[in-house]
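K.L.:
Below is one structure. I have some questions about it.
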Amino acid sequence: MTEILNLLAETATQNPDAANPAAMLTMLIPLAAMILIFYFLIIRPEKKRSKKMKEMLNNLEVADEVVTTGGIIGRVLSVKEDTVLIETGSDRTKIRVLKASIAENRTVHDTTEG
């Protein structure tokens, strides 16, 4: 940001017409518009997704059906601080995975409090 301001200051000193506040404003309006568009199309939705994912990982419970990022589907047996023990398939294979590798919780919980 400071580089942009320095560039604008250099331009204003080199070209006397550019020192006009109206000319500076016409240069800053498109820049501000691009920053706003970038924020609303990229940054804000990513923050919402990140918050939703963090909430899902913090609300994991025993017996939830989850899908890992590798595509493994299993049922949660235990939840620790940063790992989850899941059971997969009919042969009851147990796999310990990182919480961060859980992509989706397929169990529907009743979120209404009564």
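Scheme for the structure tokens: letters A, B, ... for chains in order shown; per-chain residue numbers from 1; ligand numbers from 1 in order shown.
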Skipping near chain neighbours, those fewer than 5 positions away, what residues fall within 8 Å of region 97-104 of chain A using only C-alpha atoms, listed as a list in words?
P.N.:
Leu57, Val66, Val67, Thr68, Thr69, Gly70, Asp82, Thr83, Val84, Leu85 and Ile86 of chain A
K.L.:
Check the DSSP output for the backbone and give back, as a list in words, the residues of chain A in strand (DSSP E or B).
P.N.:
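Strand (DSSP E or B) members of chain A, listed: Glu65, Val66, Val67, Thr68, Ile73, Gly74, Arg75, Val76, Leu77, Ser78, Val79, Thr83, Val84, Leu85, Ile86, Glu87, Thr88, Thr93, Lys94, Ile95, Arg96, Val97, Leu98, Ile102, Ala103, Glu104 and Asn105 of chain A.
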K.L.:
Enter the distance from CA of Gly74 (chain A) to CA of Glu87 (chain A), in Å, rounded to one decimal.
P.N.:
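About the pair CA of Gly74 (chain A) and CA of Glu87 (chain A): they are 5.2 Å apart.
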K.L.:
So what do you get for CA of Ile42 (chain A) versus CA of Ile4 (chain A), distance-wise?
P.N.:
21.9 Å
K.L.:
Given only C-alpha atoms as the basis, pick out the residue of A:Asp110, A:Glu10, A:Glu3, A:Glu81 nearest to Asn58 (chain A).
P.N.:
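Once distances to Asn58 (chain A) are computed over only C-alpha atoms, the minimum belongs to A:Glu81.
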K.L.:
Which value, in Å to one decimal, gives the distance between CA of Leu28 (chain A) and CA of Phe40 (chain A)?
P.N.:
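If I compute the distance from CA of Leu28 (chain A) to CA of Phe40 (chain A), I get 18.4 Å.
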